[in-house]
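Quick notes on the structure that follows.
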Amino acid sequence: MWRFMENRPSVFVSSYEEGVQRVLEGNYAFLMESTMLDYMVQRDCNLTQVGGLLDSKGYGIATPMGSPWRDKISLAILDLQEKGVIQMLYNKWWKSPGITCSRDDKNKDGKANALGVDNIGGVFVVLLCGLAVAVLTAIGEFCWNSKKSAQSARVGMHHF
């Protein structure tokens, strides 16, 4: 993708708004930061996210070296995450019913569904059939080998 883009300065935009506008005009894909992408896709039904994230990174809060605030801020953020406050705030500001578009095909908030039994049930059927064939083959081989060894044992007894 970069090789295609690096020699074409016309594909670059200087703002999110310009990139989104070019997408809406058609024949253009816009790479953007995931949080902003999620925010825009929630509000405009003409936009959709294609594929997964290229890279996943969290946000950080910078403090001076040796600052006593570093640990306090980190612990406060972890506490808010554990209590679900951060998710509630995210839902409030990103997914409020009045400001998000309602999609008819809404599945997992516009993102791809995780694979479930409905999606990959066929794989289990194939595996079970393969297991059944393997067990039947093993039983058949066991019977065949025990029959052969019983016959060879009988033949060996006649010689004595």
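By order of appearance in the structure tokens: chains A, B, ..., then residues from 1 within every chain, and ligands from 1 in the order shown.
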**OP:** Excluding Val13 of chain A and any residue of its chain fewer than 4 positions from it, enumerate the residues within 12 Å of it, using only C-alpha atoms, and give them as an MDAnalysis selection string.
**Re:** chainID A and resid 5 8:9 17:23 28:32
**OP:** Among the residues of chain A, find those DSSP assigns to alpha helix (DSSP H) from the backbone and print them as a PyMOL selection string.
**Re:** chain A and resi 2-6+16-25+34-43+69-83+85-94+117-158
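Going from atom CA of Gly52 of chain A to atom CA of Ser34 of chain A covers 9.6 Å.
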Original post:
Gln49 of chain A: which residues within 12 Å, counting only C-alpha atoms, same-chain residues fewer than 4 positions away excluded, as a ChimeraX atom specification?
Top reply: /A:20,23,29-42,44-45,53-54,109-112
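Considering only C-alpha atoms, the residue among A:Leu136, A:Val85, A:Ile120, A:Leu24 positioned nearest to Leu47 of chain A is A:Leu24.
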Original post:
Which polymer residues have any atom within 10 Å of an atom of segment 71-83 of chain A, counting only C-alpha atoms, with same-chain residues fewer than 5 positions away left out, as a PyMOL selection string?
Top reply: chain A and resi 60-63+66+88
Original post:
If you measure from atom CA of Phe4 of chain A to atom CA of Tyr16 of chain A, what distance in Å do you get, rounded to one decimal?
Top reply: 20.5 Å
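Coordinates place atom CA of Gly51 of chain A at a distance of 22.1 Å from atom CA of Asn91 of chain A.
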